[in-house]
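Dropping protein_7.cif in here (mmCIF, C-alpha atoms and all ligand atoms):
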```cif
data_run
loop_
_atom_site.label_atom_id
_atom_site.label_comp_id
_atom_site.auth_asym_id
_atom_site.auth_seq_id
_atom_site.Cartn_x
_atom_site.Cartn_y
_atom_site.Cartn_z
CA MET A 1 7.45 -22.00 -11.89
CA VAL A 2 6.95 -18.31 -12.64
CA SER A 3 3.42 -16.92 -12.69
CA SER A 4 2.14 -14.43 -15.22
CA SER A 5 2.50 -11.85 -12.45
CA GLY A 6 6.24 -12.42 -12.60
CA ILE A 7 6.64 -13.94 -9.15
CA ILE A 8 8.10 -17.30 -8.26
CA LEU A 9 5.30 -19.65 -7.29
CA LYS A 10 5.79 -21.68 -4.18
CA SER A 11 4.47 -25.19 -4.28
CA ASN A 12 5.06 -28.33 -2.27
CA THR A 13 7.34 -29.62 -4.99
CA ARG A 14 9.77 -26.79 -5.60
CA PRO A 15 11.29 -26.45 -9.07
CA ALA A 16 14.46 -28.52 -9.43
CA PHE A 17 16.53 -25.70 -10.91
CA HIS A 18 16.51 -23.74 -7.65
CA THR A 19 19.69 -24.19 -5.68
CA VAL A 20 19.08 -25.72 -2.31
CA MET A 21 21.44 -24.50 0.37
CA GLN A 22 21.61 -27.25 2.94
CA ASN A 23 24.15 -25.85 5.34
CA LEU A 24 22.27 -22.90 6.72
CA GLN A 25 22.25 -22.20 10.41
CA SER A 26 18.88 -21.56 11.95
CA ASN A 27 18.16 -18.32 13.75
CA THR A 28 20.45 -16.35 11.51
CA ILE A 29 19.72 -13.46 9.23
CA THR A 30 20.99 -14.72 5.94
CA HIS A 31 19.45 -12.31 3.54
CA GLN A 32 21.14 -8.94 3.52
CA LEU A 33 19.42 -6.18 1.62
CA LYS A 34 21.41 -3.28 0.36
CA GLU A 35 21.20 -0.20 2.57
CA ASN A 36 17.60 0.86 2.17
CA GLU A 37 16.64 4.41 1.66
CA PHE A 38 13.13 5.15 2.77
CA PRO A 39 12.16 8.48 1.26
CA PHE A 40 9.77 10.02 3.79
CA PRO A 41 6.74 11.79 2.35
CA VAL A 42 6.24 15.52 2.85
CA PRO A 43 4.33 16.08 6.14
CA PRO A 44 0.71 17.09 5.57
CA ARG A 45 -0.58 20.65 5.91
CA LYS A 46 -1.94 21.51 9.36
CA LEU A 47 -5.66 22.32 9.32
CA ASP A 48 -7.28 24.94 11.52
CA GLU A 49 -10.27 23.98 13.69
CA LEU A 50 -12.87 25.42 11.31
CA GLU A 51 -11.42 23.51 8.36
CA LYS A 52 -11.50 20.32 10.41
CA VAL A 53 -15.14 20.77 11.38
CA LYS A 54 -16.17 21.40 7.76
CA LEU A 55 -14.21 18.42 6.45
CA ILE A 56 -15.57 16.09 9.13
CA GLU A 57 -19.10 17.13 8.19
CA SER A 58 -18.41 16.65 4.51
CA CYS A 59 -16.72 13.24 4.96
CA THR A 60 -19.58 12.04 7.17
CA HIS A 61 -22.08 12.98 4.51
CA LYS A 62 -20.06 11.39 1.69
CA LEU A 63 -19.47 8.14 3.57
CA LYS A 64 -23.22 7.78 4.02
CA GLU A 65 -24.05 8.84 0.47
CA ASN A 66 -21.65 6.26 -0.95
CA ASN A 67 -22.64 3.45 1.44
CA ALA A 68 -19.01 3.38 2.49
CA VAL A 69 -17.46 2.41 5.82
CA LEU A 70 -14.27 3.96 7.19
CA ILE A 71 -11.77 1.55 8.78
CA ALA A 72 -8.79 3.17 10.45
CA HIS A 73 -5.58 2.00 12.10
CA TYR A 74 -4.63 3.22 15.59
CA TYR A 75 -1.67 5.14 14.16
CA THR A 76 -3.80 7.53 12.10
CA ASP A 77 -4.61 11.01 13.40
CA PRO A 78 -7.23 11.26 16.18
CA GLU A 79 -9.71 13.04 13.85
CA ILE A 80 -9.61 10.13 11.42
CA GLN A 81 -10.10 7.58 14.22
CA SER A 82 -12.99 9.57 15.75
CA LEU A 83 -14.63 9.97 12.35
CA ALA A 84 -14.41 6.20 11.75
CA GLU A 85 -16.14 5.49 15.03
CA ALA A 86 -18.72 8.27 14.73
CA THR A 87 -19.82 7.00 11.31
CA GLY A 88 -20.22 3.34 12.27
CA GLY A 89 -16.76 2.34 11.09
CA PHE A 90 -13.90 0.89 13.05
CA VAL A 91 -10.48 1.55 14.58
CA GLY A 92 -8.21 -1.39 15.26
CA ASP A 93 -4.98 -3.28 14.72
CA SER A 94 -4.12 -4.65 11.29
CA LEU A 95 -5.79 -8.04 11.82
CA GLU A 96 -8.96 -6.56 13.27
CA MET A 97 -9.19 -4.07 10.38
CA ALA A 98 -9.02 -6.89 7.84
CA LYS A 99 -11.67 -8.91 9.64
CA PHE A 100 -14.01 -5.96 10.13
CA GLY A 101 -13.87 -5.08 6.43
CA ALA A 102 -14.53 -8.65 5.35
CA ASN A 103 -17.55 -8.98 7.66
CA HIS A 104 -19.11 -5.58 7.02
CA SER A 105 -22.16 -5.29 4.78
CA SER A 106 -21.00 -2.09 3.07
CA ASP A 107 -19.89 -2.49 -0.54
CA THR A 108 -17.22 0.22 -0.27
CA LEU A 109 -14.41 0.01 2.28
CA VAL A 110 -12.35 3.13 2.95
CA ILE A 111 -9.09 2.07 4.54
CA ALA A 112 -7.17 4.71 6.48
CA GLY A 113 -3.85 3.05 7.02
CA VAL A 114 -1.02 1.92 4.77
CA LYS A 115 -1.21 0.20 1.43
CA PHE A 116 -0.77 -3.39 2.59
CA MET A 117 -3.87 -2.90 4.77
CA GLY A 118 -5.88 -1.81 1.73
CA GLU A 119 -4.57 -4.75 -0.29
CA THR A 120 -5.40 -7.23 2.46
CA SER A 121 -8.94 -5.85 2.68
CA LYS A 122 -9.32 -6.11 -1.09
CA MET A 123 -8.07 -9.69 -1.15
CA LEU A 124 -10.46 -10.72 1.62
CA SER A 125 -13.35 -8.91 -0.08
CA PRO A 126 -12.55 -8.99 -3.81
CA HIS A 127 -16.07 -7.96 -4.80
CA LYS A 128 -16.01 -4.80 -2.70
CA LYS A 129 -14.58 -1.48 -3.75
CA VAL A 130 -11.60 -0.68 -1.52
CA ILE A 131 -10.32 2.89 -1.57
CA MET A 132 -7.71 4.76 0.44
CA PRO A 133 -7.19 8.48 1.12
CA THR A 134 -3.84 8.02 -0.62
CA LEU A 135 -2.19 5.10 -2.36
CA GLU A 136 1.22 6.59 -1.55
CA ALA A 137 1.03 5.47 2.07
CA THR A 138 3.47 2.61 2.14
CA CYS A 139 5.49 0.86 4.88
CA SER A 140 9.24 0.42 5.25
CA LEU A 141 8.77 -3.32 5.81
CA ASP A 142 6.87 -3.63 2.54
CA ILE A 143 9.47 -1.54 0.67
CA GLY A 144 12.29 -3.62 2.16
CA CYS A 145 10.93 -6.93 0.86
CA PRO A 146 10.63 -6.86 -2.95
CA ALA A 147 8.65 -9.82 -4.30
CA LYS A 148 11.28 -10.95 -6.80
CA GLU A 149 14.17 -11.05 -4.32
CA PHE A 150 11.95 -12.68 -1.77
CA GLY A 151 11.03 -15.37 -4.32
CA GLU A 152 14.72 -16.06 -4.95
CA PHE A 153 15.34 -16.30 -1.22
CA ILE A 154 12.58 -18.82 -0.56
CA ALA A 155 13.58 -20.86 -3.60
CA LYS A 156 16.88 -21.52 -1.81
CA HIS A 157 15.07 -22.97 1.21
CA PRO A 158 12.42 -25.34 -0.08
CA GLU A 159 12.34 -27.29 3.18
CA ARG A 160 11.07 -24.30 5.16
CA THR A 161 7.51 -23.15 5.78
CA VAL A 162 7.24 -19.59 4.54
CA VAL A 163 5.59 -17.26 7.05
CA VAL A 164 5.26 -13.58 6.22
CA TYR A 165 4.12 -10.59 8.21
CA ALA A 166 0.95 -8.84 7.07
CA ASN A 167 3.15 -5.77 6.38
CA THR A 168 4.06 -7.04 2.90
CA SER A 169 2.78 -6.64 -0.65
CA ALA A 170 0.19 -8.95 -2.19
CA ALA A 171 2.97 -10.36 -4.39
CA VAL A 172 4.99 -11.38 -1.32
CA LYS A 173 1.96 -12.84 0.43
CA ALA A 174 1.21 -14.86 -2.69
CA GLN A 175 4.48 -16.74 -2.16
CA ALA A 176 3.83 -17.61 1.48
CA ASP A 177 2.33 -20.55 3.33
CA TRP A 178 1.12 -18.32 6.15
CA VAL A 179 0.45 -14.63 6.69
CA ILE A 180 0.43 -13.44 10.28
CA THR A 181 0.14 -10.23 12.25
CA SER A 182 1.91 -9.46 15.50
CA SER A 183 -1.24 -10.27 17.48
CA ILE A 184 -1.07 -13.97 16.60
CA ALA A 185 2.58 -14.37 15.55
CA VAL A 186 3.77 -16.35 18.58
CA ASP A 187 0.72 -18.65 18.60
CA VAL A 188 1.04 -19.49 14.90
CA ILE A 189 4.75 -20.24 15.12
CA GLU A 190 4.17 -22.45 18.18
CA HIS A 191 1.50 -24.29 16.19
CA LEU A 192 3.91 -24.82 13.27
CA MET A 193 6.74 -25.83 15.60
CA ALA A 194 4.53 -28.49 17.18
CA LYS A 195 4.21 -29.97 13.69
CA GLY A 196 8.01 -30.03 13.38
CA GLU A 197 8.18 -27.28 10.76
CA LYS A 198 11.19 -25.04 10.16
CA ILE A 199 10.34 -21.45 9.36
CA LEU A 200 11.46 -18.90 6.81
CA TRP A 201 10.31 -15.53 8.11
CA ALA A 202 10.01 -12.11 6.46
CA PRO A 203 10.37 -9.22 6.54
CA ASP A 204 10.79 -7.80 10.08
CA LYS A 205 14.05 -8.98 11.68
CA HIS A 206 13.03 -7.59 15.09
CA LEU A 207 9.63 -9.27 15.18
CA GLY A 208 11.20 -12.46 13.78
CA GLY A 209 13.91 -12.38 16.45
CA TYR A 210 11.32 -11.84 19.17
CA ILE A 211 9.19 -14.78 18.00
CA GLN A 212 12.28 -16.98 17.68
CA LYS A 213 13.38 -16.16 21.22
CA LYS A 214 9.92 -16.64 22.65
CA THR A 215 9.21 -19.96 20.94
CA GLY A 216 12.66 -21.45 20.28
CA ALA A 217 11.55 -22.15 16.69
CA ASP A 218 14.05 -22.77 13.93
CA MET A 219 13.68 -19.54 11.95
CA LEU A 220 15.56 -18.03 9.07
CA LEU A 221 15.02 -14.27 9.02
CA TRP A 222 14.78 -11.68 6.28
CA ASN A 223 16.56 -8.44 7.11
CA GLY A 224 13.76 -5.86 7.11
CA TYR A 225 12.79 -3.35 9.76
CA CYS A 226 10.22 -0.70 10.61
CA VAL A 227 11.71 2.79 10.50
CA VAL A 228 9.50 3.88 13.38
CA HIS A 229 10.13 1.09 15.90
CA ASP A 230 13.77 0.63 14.94
CA GLU A 231 14.43 4.12 16.32
CA PHE A 232 13.59 3.45 19.96
CA LYS A 233 16.77 3.83 21.99
CA HIS A 234 17.89 1.51 24.76
CA GLN A 235 20.04 3.92 26.79
CA ALA A 236 17.47 6.71 26.60
CA LEU A 237 14.73 4.26 27.63
CA LEU A 238 16.77 3.30 30.68
CA THR A 239 16.97 6.99 31.55
CA THR A 240 13.20 7.39 31.09
CA LYS A 241 12.59 4.36 33.29
CA ALA A 242 14.79 5.91 35.97
CA LEU A 243 12.70 9.10 35.76
CA PHE A 244 9.45 7.11 36.06
CA PRO A 245 10.45 4.11 38.20
CA ASP A 246 6.85 2.97 38.76
CA ALA A 247 5.90 3.03 35.09
CA ALA A 248 5.21 -0.11 33.06
CA VAL A 249 6.96 -0.35 29.69
CA LEU A 250 4.73 -1.37 26.76
CA VAL A 251 6.53 -2.40 23.57
CA HIS A 252 5.41 -3.34 20.06
CA PRO A 253 7.48 -6.34 18.87
CA GLU A 254 8.74 -4.47 15.80
CA SER A 255 11.14 -2.79 18.25
CA PRO A 256 14.77 -3.90 18.67
CA ASP A 257 15.59 -6.69 21.12
CA ASN A 258 17.24 -4.37 23.66
CA ILE A 259 13.96 -2.41 23.89
CA ILE A 260 11.84 -5.57 24.13
CA GLN A 261 14.07 -6.75 26.98
CA LEU A 262 12.95 -3.75 29.04
CA ALA A 263 9.24 -4.41 28.43
CA ASP A 264 6.61 -5.31 30.98
CA HIS A 265 4.29 -6.18 28.11
CA VAL A 266 4.98 -6.92 24.43
CA GLY A 267 2.12 -7.04 21.94
CA SER A 268 0.24 -5.80 18.92
CA THR A 269 -1.35 -2.36 19.03
CA SER A 270 -4.66 -3.74 20.38
CA GLN A 271 -2.84 -5.86 22.94
CA LEU A 272 -0.85 -2.82 24.13
CA ILE A 273 -4.06 -0.83 24.62
CA LYS A 274 -5.51 -3.69 26.64
CA ALA A 275 -2.34 -3.88 28.74
CA ALA A 276 -2.48 -0.12 29.45
CA LYS A 277 -5.98 -0.66 30.80
CA ASP A 278 -5.35 -3.90 32.69
CA LEU A 279 -1.93 -3.36 34.27
CA PRO A 280 -2.04 -1.83 37.75
CA HIS A 281 0.67 0.78 36.96
CA LYS A 282 -0.43 4.41 36.84
CA GLN A 283 2.18 5.40 34.26
CA MET A 284 3.00 3.71 30.97
CA ILE A 285 6.08 4.21 28.82
CA VAL A 286 4.95 3.25 25.34
CA ALA A 287 7.29 2.09 22.57
CA THR A 288 5.17 2.29 19.42
CA ASP A 289 3.72 4.98 17.14
CA LYS A 290 2.26 7.75 19.30
CA GLY A 291 -0.99 7.74 17.29
CA ILE A 292 -1.97 4.90 19.61
CA PHE A 293 -2.28 7.36 22.50
CA HIS A 294 -5.72 8.47 21.30
CA LYS A 295 -7.40 5.11 21.91
CA MET A 296 -5.05 4.10 24.71
CA GLN A 297 -5.96 7.17 26.74
CA GLN A 298 -9.67 6.50 26.17
CA ALA A 299 -9.20 2.91 27.34
CA ALA A 300 -7.13 3.95 30.35
CA PRO A 301 -8.22 7.51 31.23
CA ASP A 302 -6.60 7.45 34.65
CA LYS A 303 -3.14 6.51 33.33
CA GLU A 304 -0.28 8.79 32.34
CA LEU A 305 1.14 7.85 28.95
CA ILE A 306 4.76 8.62 28.13
CA ILE A 307 6.28 8.05 24.71
CA ALA A 308 9.48 5.97 24.71
CA PRO A 309 12.48 8.00 23.49
CA THR A 310 13.49 7.68 19.86
CA ALA A 311 16.88 9.35 20.02
CA GLY A 312 19.68 9.54 22.53
CA GLU A 313 21.01 12.81 23.85
CA GLY A 314 22.22 15.11 21.09
CA ALA A 315 20.85 12.80 18.39
CA THR A 316 17.89 13.45 16.13
CA CYS A 317 15.05 11.13 15.30
CA LYS A 318 13.75 10.52 11.81
CA SER A 319 10.23 9.31 12.44
CA CYS A 320 10.03 10.56 16.05
CA ALA A 321 7.58 7.75 16.93
CA GLN A 322 5.20 8.69 14.16
CA CYS A 323 4.84 6.67 11.00
CA PRO A 324 5.22 9.15 8.11
CA TRP A 325 2.98 7.04 5.88
CA MET A 326 0.17 6.60 8.40
CA LYS A 327 0.29 10.38 8.79
CA MET A 328 -0.59 10.76 5.10
CA ASN A 329 -4.18 9.80 5.90
CA GLN A 330 -5.76 13.22 6.31
CA LEU A 331 -9.30 14.63 6.31
CA GLU A 332 -8.56 16.55 3.12
CA ASN A 333 -7.57 13.57 0.99
CA LEU A 334 -10.26 11.44 2.61
CA ASP A 335 -12.83 14.03 1.59
CA SER A 336 -11.59 14.32 -1.97
CA VAL A 337 -11.47 10.56 -2.50
CA PHE A 338 -15.26 10.65 -2.71
CA ASP A 339 -15.23 13.25 -5.44
CA GLN A 340 -13.46 11.02 -7.89
CA LYS A 341 -15.54 9.68 -10.70
CA ASN A 342 -17.90 6.75 -10.54
CA LEU A 343 -17.45 5.96 -6.88
CA SER A 344 -21.06 4.95 -6.54
CA GLN A 345 -20.82 2.33 -9.26
CA SER A 346 -20.48 -1.25 -8.10
CA SER A 347 -17.05 -2.75 -7.58
CA LEU A 348 -14.81 -3.58 -10.48
CA ALA A 349 -13.40 -6.69 -8.94
CA GLN A 350 -13.39 -8.51 -12.23
CA SER A 351 -11.67 -5.71 -14.05
CA ASN A 352 -8.26 -4.14 -13.71
CA LEU A 353 -9.37 -0.66 -14.66
CA ALA A 354 -9.70 1.59 -11.66
CA GLN A 355 -12.70 3.89 -11.82
CA ASN A 356 -11.44 5.74 -8.80
CA SER A 357 -7.77 6.61 -8.89
CA ASN A 358 -7.45 5.82 -5.19
CA GLU A 359 -8.97 2.40 -5.56
CA ILE A 360 -6.96 -0.64 -4.56
CA LEU A 361 -6.84 -3.20 -7.33
CA VAL A 362 -5.06 -6.52 -6.99
CA ASP A 363 -4.35 -8.90 -9.83
CA LYS A 364 -6.87 -11.80 -9.81
CA GLU A 365 -4.15 -14.42 -9.89
CA LEU A 366 -2.37 -12.81 -6.96
CA ILE A 367 -5.60 -12.72 -5.00
CA GLU A 368 -6.13 -16.43 -5.54
CA MET A 369 -2.58 -17.21 -4.39
CA ALA A 370 -2.47 -14.82 -1.46
CA LEU A 371 -5.87 -15.90 -0.20
CA ARG A 372 -4.48 -19.30 0.79
CA PRO A 373 -2.07 -18.00 3.49
CA LEU A 374 -4.44 -15.16 4.40
CA SER A 375 -7.35 -17.53 4.96
CA ARG A 376 -5.15 -19.64 7.22
CA MET A 377 -4.51 -16.57 9.33
CA ILE A 378 -8.21 -15.71 9.56
CA ALA A 379 -9.19 -19.32 10.33
CA PHE A 380 -6.47 -19.62 12.98
CA ASN A 381 -7.74 -16.50 14.71
CA ARG A 382 -11.39 -17.61 14.84
P1 LIG B 401 -0.53 -4.05 14.42
O1 LIG B 401 -0.83 -5.33 13.70
O2 LIG B 401 -0.09 -4.27 15.83
O3 LIG B 401 -1.66 -3.09 14.30
O4 LIG B 401 0.74 -3.39 13.73
C1 LIG B 401 0.74 -2.91 12.44
C2 LIG B 401 1.89 -2.03 12.22
O5 LIG B 401 2.14 -1.60 11.12
C3 LIG B 401 2.74 -1.71 13.36
O6 LIG B 401 3.76 -0.88 12.97
FE1 LIG B 402 5.20 0.08 8.50
FE2 LIG B 402 6.42 0.84 10.69
FE3 LIG B 402 4.64 2.44 9.57
FE4 LIG B 402 3.85 0.17 10.83
S1 LIG B 402 4.81 1.96 11.75
S2 LIG B 402 3.16 0.91 8.84
S3 LIG B 402 5.56 -1.18 10.30
S4 LIG B 402 6.61 1.80 8.69
#
```
Have the structure of the file written as structure tokens, please.
Ligand code: 13P
Ligand code: SF4
Amino acid sequence: MVSSSGIILKSNTRPAFHTVMQNLQSNTITHQLKENEFPFPVPPRKLDELEKVKLIESCTHKLKENNAVLIAHYYTDPEIQSLAEATGGFVGDSLEMAKFGANHSSDTLVIAGVKFMGETSKMLSPHKKVIMPTLEATCSLDIGCPAKEFGEFIAKHPERTVVVYANTSAAVKAQADWVITSSIAVDVIEHLMAKGEKILWAPDKHLGGYIQKKTGADMLLWNGYCVVHDEFKHQALLTTKALFPDAAVLVHPESPDNIIQLADHVGSTSQLIKAAKDLPHKQMIVATDKGIFHKMQQAAPDKELIIAPTAGEGATCKSCAQCPWMKMNQLENLDSVFDQKNLSQSSLAQSNLAQNSNEILVDKELIEMALRPLSRMIAFNR
């Protein structure tokens, strides 16, 4: 069945015309995408201190004036994170951001993160206005999992429960049984395994491989990756560990297996911050986006934080442990988002016409479909 949004609908009874491939091995990556090019955005202009102060003042005023709340991810710049907290907003991991937005009384959510985070917030709060400093802030995992190809992939495996990472488009989520974030990934897969379910997982091959190893679940993996975490280097990390022999290694599970193997703690961004605080080590080598250092250092002020190396000797890094799309969230575009027309009007949830060009709008049908797996995630985490 194909919806009016053009995606293949998943249902318990899959359409007969889809070929069922019975002889697949579990724990194998069967879907090979073509070599993906991820065009990095132009890095933002550096602001001087006076510009920053003025913009912070202006954004604070505009957030209040528009009854808007700022919700930021840990990977955004420290000024954005501080502004969110100073104005009664929130900084957190992707699951916490979604929950905070859904529970907050404000009728306008300003999401400083990447597009899937804005979409998730919109789907959980369809009657609120959800805006972002830029709609260009995407994610390599989202880019690497187009909805149509993903639909064709799952149609070949009707016996599998479809579990997708939150780092996907609304159109991919709409085809899933479950949406999960890294903070609850292992628990959800264990829960499904206990019910005897076989899993089809997308899009992150590293996170999928980690969950598979940890749980022993029967998982078929899509071949996506995060450009930031994929760059951490095993040999260089060994060298860093030798330089700091007493340091604990903290790793986000979007990193390759040979990095995860060197970890003292693996977890979502929030879980890594907690580990930095709780572990007895005085030094931490951190394998995730370095934007996390802002909150991590606040949580563990007495600890020395060292970024894990992203390139071996003589090599160059592309992201250099900094997500180029998270970096697009800047005070300047945050400030100008409020100047766009009609922001103070109530949400247009029932309409598809954006009154603010940075407003996140999701097709009503997609919202209905994606809410099923999203609600499971929220209910599971209660
Ligand atoms: P968290 O869910 O851990 O915040 O991760 C989101 C993300 O995009 C990591 O790269
Ligand atoms: Fe996506 Fe990686 Fe950026 Fe996270 S760090 S938003 S997974 S590209």
Please identify every residue of stretch 216-314 of chain A that has at least one atom no farther than 12 Å from an atom of stretch 84-92 of chain A, counting only C-alpha atoms, and for each give the shortest atom pair and the distance in Å to one decimal, arranged by chain then increasing number, as a tab-separated table.
```
residue	atom	partner	partner_atom	distance
A:Ser268	CA	A:Gly92	CA	10.2
A:Thr269	CA	A:Gly92	CA	7.9
A:Ser270	CA	A:Gly92	CA	6.7
A:Gln271	CA	A:Gly92	CA	10.4
A:Leu272	CA	A:Gly92	CA	11.6
A:Ile273	CA	A:Gly92	CA	10.3
A:Lys274	CA	A:Gly92	CA	11.9
A:Gly291	CA	A:Val91	CA	11.6
A:Ile292	CA	A:Gly92	CA	9.9
A:His294	CA	A:Val91	CA	10.8
A:Lys295	CA	A:Val91	CA	8.7
A:Met296	CA	A:Gly92	CA	11.4
```
Kindly provide the residues of chain A that approach ligand LIG 401 (chain B) to within 9 Å, each paired with its closest atom pair and their distance in Å to one decimal, based on only C-alpha atoms and all ligand atoms, listed by chain and increasing number, as a Markdown table.
```
| residue | atom | partner | partner_atom | distance |
| --- | --- | --- | --- | --- |
| A:His73 | CA | B:LIG401 | O3 | 6.8 |
| A:Tyr74 | CA | B:LIG401 | O3 | 7.1 |
| A:Tyr75 | CA | B:LIG401 | C3 | 8.2 |
| A:Gly92 | CA | B:LIG401 | O3 | 6.8 |
| A:Asp93 | CA | B:LIG401 | O3 | 3.4 |
| A:Ser94 | CA | B:LIG401 | O1 | 4.1 |
| A:Leu95 | CA | B:LIG401 | O1 | 6.0 |
| A:Glu96 | CA | B:LIG401 | O3 | 8.1 |
| A:Met97 | CA | B:LIG401 | O3 | 8.5 |
| A:Gly113 | CA | B:LIG401 | O5 | 8.6 |
| A:Val114 | CA | B:LIG401 | O5 | 7.9 |
| A:Met117 | CA | B:LIG401 | O5 | 8.8 |
| A:Cys139 | CA | B:LIG401 | O5 | 7.5 |
| A:Leu141 | CA | B:LIG401 | O5 | 8.7 |
| A:Ala166 | CA | B:LIG401 | O1 | 7.7 |
| A:Asn167 | CA | B:LIG401 | O5 | 6.4 |
| A:Ile180 | CA | B:LIG401 | O1 | 8.9 |
| A:Thr181 | CA | B:LIG401 | O1 | 5.2 |
| A:Ser182 | CA | B:LIG401 | O1 | 5.3 |
| A:Ser183 | CA | B:LIG401 | O1 | 6.2 |
| A:Cys226 | CA | B:LIG401 | O6 | 6.9 |
| A:Val228 | CA | B:LIG401 | O6 | 7.5 |
| A:His229 | CA | B:LIG401 | O6 | 7.3 |
| A:His252 | CA | B:LIG401 | O2 | 7.0 |
| A:Pro253 | CA | B:LIG401 | O2 | 8.4 |
| A:Glu254 | CA | B:LIG401 | O6 | 6.8 |
| A:Gly267 | CA | B:LIG401 | O2 | 7.1 |
| A:Ser268 | CA | B:LIG401 | O2 | 3.5 |
| A:Thr269 | CA | B:LIG401 | O2 | 3.9 |
| A:Ser270 | CA | B:LIG401 | O2 | 6.5 |
| A:Gln271 | CA | B:LIG401 | O2 | 7.8 |
| A:Leu272 | CA | B:LIG401 | O2 | 8.5 |
| A:Thr288 | CA | B:LIG401 | O6 | 7.3 |
| A:Asp289 | CA | B:LIG401 | O6 | 7.2 |
| A:Cys323 | CA | B:LIG401 | O6 | 7.9 |
| A:Met326 | CA | B:LIG401 | O5 | 8.9 |
```
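Taking only C-alpha atoms, the non-local environment of A:Glu304 within 10 Å (same-chain residues fewer than 4 positions away omitted) comprises A:Ala247, A:Ala276, A:His281, A:Lys282, A:Gln283, A:Met284, A:Ile285, A:Gln297, A:Ala300.
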Quick one: residues within 6 Å of A:Ala147, all atoms listed in the file, excluding same-chain residues fewer than 3 positions away - as a PDB file with C-alpha atoms, in the coordinates of the input?
```pdb
ATOM      1  CA  PHE A 150      11.950 -12.680  -1.770  1.00  0.00           C
ATOM      2  CA  ALA A 171       2.970 -10.360  -4.390  1.00  0.00           C
ATOM      3  CA  VAL A 172       4.990 -11.380  -1.320  1.00  0.00           C
TER       4      VAL A 172
END
```
In terms of all atoms listed in the file, the residue from A:Leu220, A:Ile378, A:Ile143, A:Ala68 at minimal distance from A:Lys128 is A:Ala68
Distance atom CA of A:Asp257-atom CA of A:Met219, one decimal place? 15.9 Å
In Å, how far is it from atom CA of A:Arg45 to atom CA of A:Asp77? 12.9 Å
Separation of atom CA of A:Phe100 from atom CA of A:Met377 in Å: 14.3 Å
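Distance annotation: of A:Ser140, A:Thr316, A:Ser375, A:Ser105, the residue with the minimal separation from ligand LIG 402 (chain B) is A:Ser140; atom set is all atoms listed in the file.
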Exercise: A:Lys318 partners within 10 Å, all atoms listed in the file, chain neighbours under 3 positions left out, as a VMD selection string: chain A and resid 40 227 to 228 231 310 to 311 315 321 to 324
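In terms of minimum interatomic distance to ligand LIG 402 (chain B), A:Pro39 ranks closest within A:Pro39, A:Pro301, A:Pro146, A:Gly101, counting only C-alpha atoms and all ligand atoms.
Closest approach to ligand LIG 402 (chain B) from the set A:Pro78, A:Pro203, A:Pro44, A:Gly151 is made by A:Pro203, with distances taken over all atoms listed in the file.
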